[in-house]
Every structure is written in C-alpha cells, then in structure tokens.
Amino acid sequence: MSHMRRRGFITLLGGAAAAWPFAARAQQPVMPLVGFVHSQLADTYGDRLGAFRQGLATTGYVEGRNVAVEYHSAEGRSDRLRALVADLSRRPVAVIVGNTVAAIAAKAATTTIPVVFYTGGDPVEAGLVASLNRPGGNVTGVSFFGNVLGPKRLELLRKLMPPATTIAMLVNPSPDAEPERRDVEDTARAIGQQLIILDATSDRDIETAFATFAQRGVGALLVGTGAFMINHRELLVALAARHALPASYALRESVEAGGLMSYAPSFPDALRQVGAYTGRILNGEKPADLPVMRPTKFEFVINLKTAKALGLEVPAQLLAIADEVIE
C-alpha cells in the first residue's frame, strides 16, 4: 500500500514542478541523446569530433550540458555496425549520426529516428535519400563527393611524374568507391594514360598488389577513397615508401602519416556541418526538409619530406596551389 502512495506522491510532485520554475530547474530534464556511429578505427577521429562539437555549438548545444553524445566505433569491422545501430534504435536516442555504412545500417533499422550521415559517395546512389534537395525520409546529411575527385587527383599526380609512366589505382570495392573507379578509368582513357586497377579487401591483398605494381613497373599510385583505405593508411604509406612509389591519397590523414599527397574535401568542415544539422534536428527540424549539404572547402596537401625521400622535384606551380605543405 505504502508503495502505491509513494508513486502517487512523486507524480504529484512532478506535476507541481512545472508550476515552480525553481523546482523545475533543480530537476533537470533528461538530455537528448545523440548516437555517433562509424566503421573506422576510433583513433582517426580526434580532431573531427572536435569539429562535430563546434557544429553542435552553433545551434546552442554543448555536449554534457544540454546534449549527451555516445560514440561507437565498429573498429573497421562493418559487420558489427548492425548490432550497434539496432541497440541504439531500441533506446530513446534523438538522432543517429554515422558514416556511409553506419547510416545505411541505421536507415534499415529505423524509419522514425532521424539519421544524419557524412559520406564520400553519392547518397542517392547509396539509397540513403530520394534526392539531394528533398531527402524525403528520416535521413539527411553531408556528402563531400570525395569520390568524384579521382580525376583531379590523377592530374596532380601526373604533374609530379614523367608522363610515360604506368599509374596504378588501388580500390576497395564498395558503393562509395565505384564512381571514383569509373571516373579515373574514363579520364585515363581520354588522356592516354596507362592505368592498372587492383582491388583490395585485406592486408594481404594490399601487400600482393604492391608486389604486382613492382613487377609491372608502375611509376605512381592512386589510393582509392573509403573507410578501408583510411584504416590501412599506415600500411599503405609504409609499402609506398618501401617500393619508392609516389602515391596520392583521398584524405590528408594519410599525408600526415607520411604519404606524399592528398586532394580531398576538408573533413572537419564537413563534420561541422553534420554537427549543425544534428542541432537543427534536435531543435525540431525534419531531416526530410534539410537538403543534403555539399562541401565548400577542398584541400591539397603535400609532404615535402616524402617527396625528397622519393627523389622528386616538386614543381613550383604545385607548391603554389598547395593548401598545406608538410616539411
């Protein structure tokens, strides 16, 4: 009996709290929860999460003060994503944020919880949204279309290399990487560039590919886009150095790790936009009404120390257009 009475008393207090601003303040409402899920290794995320938090702050949300954020990484194992996302969608999570594969898993798990993605690919092709301007469902986000930068990366790489060389491309087969492969193939054909394309889905594939490049006298390498290549950047950079292969990467992290060059959208810039969209949705806007955002900033980064180790003379015109030169 006393148990029943106590519950009644608490309800009453809860009702009264609404009328007493002081009591309401003392009894903080539950903070909205954001689930941030991605398939990459957690260590690639430091500065990017800072950018995500900056974006949230522009809409008035400060982590720990009026929003809670839980970070989940599948540590490079996409098969773990489904379970992570299923778990989140069963809890009272307000928004799920994720990279391409995480967002695809989230979309399959829920039609009601808003999902904000960031992707290097085409979100329409990936089945995330109906159209870029009118996403139409519970999903929107930022696409930096990094996979359409392949031809630009090929052009920059050729400026460093003797024109007669065969160039290789290493691709991790995924929906994200397909358009890039197509574009690079088409461009190479149009300009008469010898091109070899190999697929890689494991460490061993990467090592075998480099052995093949050596056999076939490849002079430069284009590393494809996507989470797999980011996760394997240390290995790729080490093998490129061992084989003295000038290589171009789809993200600056690889150049910071000792790679030669990258041309890519600014990742922090994209994640600031993701944070801002997350906050706007927490403020009541609907993903269906928020057009997919495109990147505004691209960065060309070159590592001069690596160039020197490869015995490459970097043309002044390339240095002039670099956003960052690592010495």
# chains A, B, ... in the order shown; residues from 1 in each chain; ligands from 1
>>> select_by_dssp(residues="range 83-155 of chain A", states="helix (DSSP H, G or I)", output="ChimeraX atom specification")
/A:83-90,100-109,146-148,150-155
>>> select_by_dssp(residues="range 51-238 of chain A", states="strand (DSSP E or B)", output="NGL selection string")
:A and (63 or 67-73 or 95-99 or 115-119 or 139-143 or 166-171 or 195-199 or 218-223)
>>> write_last_selection(atoms="C-alpha atoms", output="PDB file, in the first residue's frame")
ATOM      1  CA  GLU A  63      27.906  18.182 -25.011  1.00  0.00           C
ATOM      2  CA  VAL A  67      23.002  17.147 -25.066  1.00  0.00           C
ATOM      3  CA  ALA A  68      24.600  13.760 -24.445  1.00  0.00           C
ATOM      4  CA  VAL A  69      26.683  12.126 -27.199  1.00  0.00           C
ATOM      5  CA  GLU A  70      27.636   8.456 -27.213  1.00  0.00           C
ATOM      6  CA  TYR A  71      30.445   7.445 -29.569  1.00  0.00           C
ATOM      7  CA  HIS A  72      30.535   3.941 -31.006  1.00  0.00           C
ATOM      8  CA  SER A  73      33.194   2.606 -33.360  1.00  0.00           C
ATOM      9  CA  VAL A  95      19.497  11.408 -33.562  1.00  0.00           C
ATOM     10  CA  ILE A  96      21.896   8.840 -35.029  1.00  0.00           C
ATOM     11  CA  VAL A  97      24.980  10.243 -36.788  1.00  0.00           C
ATOM     12  CA  GLY A  98      27.104   7.959 -38.950  1.00  0.00           C
ATOM     13  CA  ASN A  99      29.452   7.459 -41.871  1.00  0.00           C
ATOM     14  CA  VAL A 115      19.744   9.916 -39.146  1.00  0.00           C
ATOM     15  CA  VAL A 116      22.486  12.369 -40.184  1.00  0.00           C
ATOM     16  CA  PHE A 117      25.202  10.927 -42.428  1.00  0.00           C
ATOM     17  CA  TYR A 118      28.535  12.083 -43.775  1.00  0.00           C
ATOM     18  CA  THR A 119      29.652  10.267 -46.890  1.00  0.00           C
ATOM     19  CA  VAL A 139      17.749  10.714 -43.307  1.00  0.00           C
ATOM     20  CA  THR A 140      19.894  13.680 -44.429  1.00  0.00           C
ATOM     21  CA  GLY A 141      23.492  14.797 -44.064  1.00  0.00           C
ATOM     22  CA  VAL A 142      26.645  15.902 -45.820  1.00  0.00           C
ATOM     23  CA  SER A 143      28.159  14.397 -48.920  1.00  0.00           C
ATOM     24  CA  THR A 166      52.120   3.496 -65.827  1.00  0.00           C
ATOM     25  CA  ILE A 167      49.913   4.617 -62.935  1.00  0.00           C
ATOM     26  CA  ALA A 168      48.209   2.095 -60.660  1.00  0.00           C
ATOM     27  CA  MET A 169      44.992   2.511 -58.709  1.00  0.00           C
ATOM     28  CA  LEU A 170      44.150   0.524 -55.592  1.00  0.00           C
ATOM     29  CA  VAL A 171      40.415   0.251 -54.878  1.00  0.00           C
ATOM     30  CA  LEU A 195      46.397   2.544 -65.844  1.00  0.00           C
ATOM     31  CA  ILE A 196      46.301  -0.663 -63.805  1.00  0.00           C
ATOM     32  CA  ILE A 197      43.465  -1.104 -61.271  1.00  0.00           C
ATOM     33  CA  LEU A 198      43.631  -3.676 -58.479  1.00  0.00           C
ATOM     34  CA  ASP A 199      41.096  -4.428 -55.728  1.00  0.00           C
ATOM     35  CA  VAL A 218      54.272   1.013 -62.030  1.00  0.00           C
ATOM     36  CA  GLY A 219      55.578   4.565 -61.536  1.00  0.00           C
ATOM     37  CA  ALA A 220      52.886   6.098 -59.304  1.00  0.00           C
ATOM     38  CA  LEU A 221      49.858   5.060 -57.280  1.00  0.00           C
ATOM     39  CA  LEU A 222      46.387   6.450 -56.723  1.00  0.00           C
ATOM     40  CA  VAL A 223      44.920   5.104 -53.461  1.00  0.00           C
TER      41      VAL A 223
END
>>> residues_around(residues="range 80-85 of chain A", least_positions_apart="5", cutoff="9 Å", atoms="only C-alpha atoms", output="ChimeraX atom specification")
/A:35,37-39,72-75,90,96,101-103,105-106,108-109
>>> write_last_selection(atoms="N, CA and C atoms", output="short mmCIF file (atom, residue, chain, number, x, y, z; two decimals), in the first residue's frame")
data_model
loop_
_atom_site.label_atom_id
_atom_site.label_comp_id
_atom_site.auth_asym_id
_atom_site.auth_seq_id
_atom_site.Cartn_x
_atom_site.Cartn_y
_atom_site.Cartn_z
N GLY A 35 23.56 9.40 -30.87
CA GLY A 35 24.45 8.25 -31.07
C GLY A 35 25.33 8.50 -32.28
N VAL A 37 27.97 6.92 -34.66
CA VAL A 37 28.44 5.56 -35.01
C VAL A 37 29.27 5.61 -36.28
N HIS A 38 30.41 4.94 -36.28
CA HIS A 38 31.17 4.87 -37.53
C HIS A 38 31.94 3.57 -37.61
N SER A 39 32.43 3.24 -38.82
CA SER A 39 33.08 1.96 -39.01
C SER A 39 34.59 2.07 -38.93
N HIS A 72 30.35 5.38 -30.80
CA HIS A 72 30.53 3.94 -31.01
C HIS A 72 31.34 3.72 -32.28
N SER A 73 32.41 2.92 -32.17
CA SER A 73 33.19 2.61 -33.36
C SER A 73 33.15 1.11 -33.60
N ALA A 74 32.93 0.72 -34.86
CA ALA A 74 32.96 -0.71 -35.19
C ALA A 74 34.40 -1.15 -35.43
N GLU A 75 35.36 -0.24 -35.20
CA GLU A 75 36.79 -0.54 -35.31
C GLU A 75 37.14 -1.26 -36.61
N ARG A 90 16.79 0.95 -30.31
CA ARG A 90 15.84 0.47 -29.28
C ARG A 90 15.82 1.39 -28.08
N ILE A 96 20.74 9.71 -34.79
CA ILE A 96 21.90 8.84 -35.03
C ILE A 96 22.75 9.51 -36.11
N VAL A 101 28.39 3.51 -44.23
CA VAL A 101 27.88 2.18 -43.87
C VAL A 101 27.04 2.23 -42.61
N ALA A 102 27.43 3.09 -41.66
CA ALA A 102 26.65 3.21 -40.42
C ALA A 102 25.27 3.79 -40.71
N ALA A 103 25.22 4.78 -41.61
CA ALA A 103 23.94 5.41 -41.94
C ALA A 103 23.04 4.44 -42.70
N ALA A 105 23.04 1.20 -42.32
CA ALA A 105 22.54 0.29 -41.28
C ALA A 105 21.44 0.96 -40.45
N ALA A 106 21.61 2.25 -40.13
CA ALA A 106 20.62 2.97 -39.33
C ALA A 106 19.31 3.12 -40.10
N ALA A 108 18.15 1.15 -42.31
CA ALA A 108 17.48 -0.16 -42.34
C ALA A 108 16.83 -0.46 -40.98
N ALA A 109 17.40 0.10 -39.91
CA ALA A 109 16.92 -0.23 -38.56
C ALA A 109 15.73 0.62 -38.13
#
>>> closest_atom_pairs(of="range 204-271 of chain A", to="range 48-57 of chain A", cutoff="8 Å", atoms="only C-alpha atoms", output="tab-separated table")
residue	atom	partner	partner_atom	distance
A:Phe267	CA	A:Arg48	CA	6.9
A:Pro268	CA	A:Arg48	CA	5.1
A:Asp269	CA	A:Ala51	CA	7.1
A:Leu271	CA	A:Phe52	CA	4.8
>>> residues_around(residues="Thr112 in chain A", least_positions_apart="5", cutoff="10 Å", atoms="only C-alpha atoms", output="list in words")
Ser89, Ala94, Val95, Lys107, Gly137, Asn138 and Val139 of chain A
>>> write_last_selection(atoms="C-alpha atoms", output="short mmCIF file (atom, residue, chain, number, x, y, z; two decimals), in the first residue's frame")
data_model
loop_
_atom_site.label_atom_id
_atom_site.label_comp_id
_atom_site.auth_asym_id
_atom_site.auth_seq_id
_atom_site.Cartn_x
_atom_site.Cartn_y
_atom_site.Cartn_z
CA SER A 89 17.43 2.41 -32.17
CA ALA A 94 17.15 11.50 -30.54
CA VAL A 95 19.50 11.41 -33.56
CA LYS A 107 18.21 3.58 -42.21
CA GLY A 137 12.59 10.44 -45.26
CA ASN A 138 14.25 10.35 -41.84
CA VAL A 139 17.75 10.71 -43.31
#
>>> residues_around(residues="Leu154 in chain A", least_positions_apart="6", cutoff="12 Å", atoms="only C-alpha atoms", output="PDB file with C-alpha atoms, in the first residue's frame")
ATOM      1  CA  VAL A 148      34.403  12.455 -57.845  1.00  0.00           C
ATOM      2  CA  LEU A 160      54.864  15.114 -60.414  1.00  0.00           C
ATOM      3  CA  MET A 161      55.626  12.153 -62.679  1.00  0.00           C
ATOM      4  CA  PRO A 163      54.323  11.233 -68.471  1.00  0.00           C
ATOM      5  CA  THR A 166      52.120   3.496 -65.827  1.00  0.00           C
ATOM      6  CA  ILE A 167      49.913   4.617 -62.935  1.00  0.00           C
ATOM      7  CA  ALA A 168      48.209   2.095 -60.660  1.00  0.00           C
ATOM      8  CA  MET A 169      44.992   2.511 -58.709  1.00  0.00           C
ATOM      9  CA  GLU A 180      35.728   7.073 -58.438  1.00  0.00           C
ATOM     10  CA  ARG A 181      37.000   3.990 -60.268  1.00  0.00           C
ATOM     11  CA  ASP A 183      35.853   8.454 -63.395  1.00  0.00           C
ATOM     12  CA  VAL A 184      39.563   7.647 -63.141  1.00  0.00           C
ATOM     13  CA  GLU A 185      39.269   4.966 -65.847  1.00  0.00           C
ATOM     14  CA  ASP A 186      37.416   7.342 -68.182  1.00  0.00           C
ATOM     15  CA  THR A 187      39.905  10.151 -67.590  1.00  0.00           C
ATOM     16  CA  ALA A 188      42.922   7.878 -68.106  1.00  0.00           C
ATOM     17  CA  ILE A 191      44.285  11.366 -71.935  1.00  0.00           C
ATOM     18  CA  GLN A 193      47.358   7.343 -69.521  1.00  0.00           C
ATOM     19  CA  GLN A 194      48.403   3.708 -68.878  1.00  0.00           C
ATOM     20  CA  LEU A 195      46.397   2.544 -65.844  1.00  0.00           C
ATOM     21  CA  ALA A 220      52.886   6.098 -59.304  1.00  0.00           C
ATOM     22  CA  LEU A 221      49.858   5.060 -57.280  1.00  0.00           C
ATOM     23  CA  LEU A 222      46.387   6.450 -56.723  1.00  0.00           C
ATOM     24  CA  VAL A 223      44.920   5.104 -53.461  1.00  0.00           C
ATOM     25  CA  GLY A 224      41.120   4.899 -53.681  1.00  0.00           C
ATOM     26  CA  PRO A 246      54.794   8.247 -55.248  1.00  0.00           C
ATOM     27  CA  ALA A 247      51.204   7.898 -54.044  1.00  0.00           C
ATOM     28  CA  SER A 248      48.150  10.134 -53.866  1.00  0.00           C
ATOM     29  CA  TYR A 249      45.555   9.621 -51.137  1.00  0.00           C
ATOM     30  CA  ALA A 250      41.918  10.604 -50.654  1.00  0.00           C
ATOM     31  CA  MET A 261      49.975  13.965 -51.267  1.00  0.00           C
ATOM     32  CA  SER A 262      46.217  14.207 -50.904  1.00  0.00           C
ATOM     33  CA  TYR A 263      43.446  16.189 -52.504  1.00  0.00           C
TER      34      TYR A 263
END
>>> atom_distance(atom1="CA of Val292 in chain A", atom2="CA of Ile230 in chain A")
23.6 Å
>>> closest_residue(among="A:Ala307, A:Phe300, A:Ile326, A:Ala244", to="Leu156 in chain A", atoms="only C-alpha atoms")
A:Phe300
>>> closest_residue(among="A:Arg153, A:Arg204, A:Arg182, A:Arg294", to="Val274 in chain A", atoms="only C-alpha atoms")
A:Arg294
>>> residues_around(residues="Ser202 in chain A", least_positions_apart="5", cutoff="12 Å", atoms="only C-alpha atoms", output="NGL selection string")
:A and (76-77 or 170-173 or 207-209 or 228-229 or 231-232 or 235-236)
>>> closest_residue(among="A:Ala316, A:Ala240, A:Ile321, A:Leu128", to="Ala214 in chain A", atoms="only C-alpha atoms")
A:Ala240
>>> closest_residue(among="A:Gly311, A:Pro295, A:Gly259, A:Gly127", to="Gln273 in chain A", atoms="only C-alpha atoms")
A:Pro295
>>> atom_distance(atom1="CA of Tyr277 in chain A", atom2="CA of Pro135 in chain A")
13.3 Å
>>> closest_residue(among="A:Ala264, A:Val255, A:Leu290, A:Leu88", to="Ala276 in chain A", atoms="only C-alpha atoms")
A:Leu290
>>> atom_distance(atom1="CA of Leu310 in chain A", atom2="CA of Pro151 in chain A")
23.0 Å
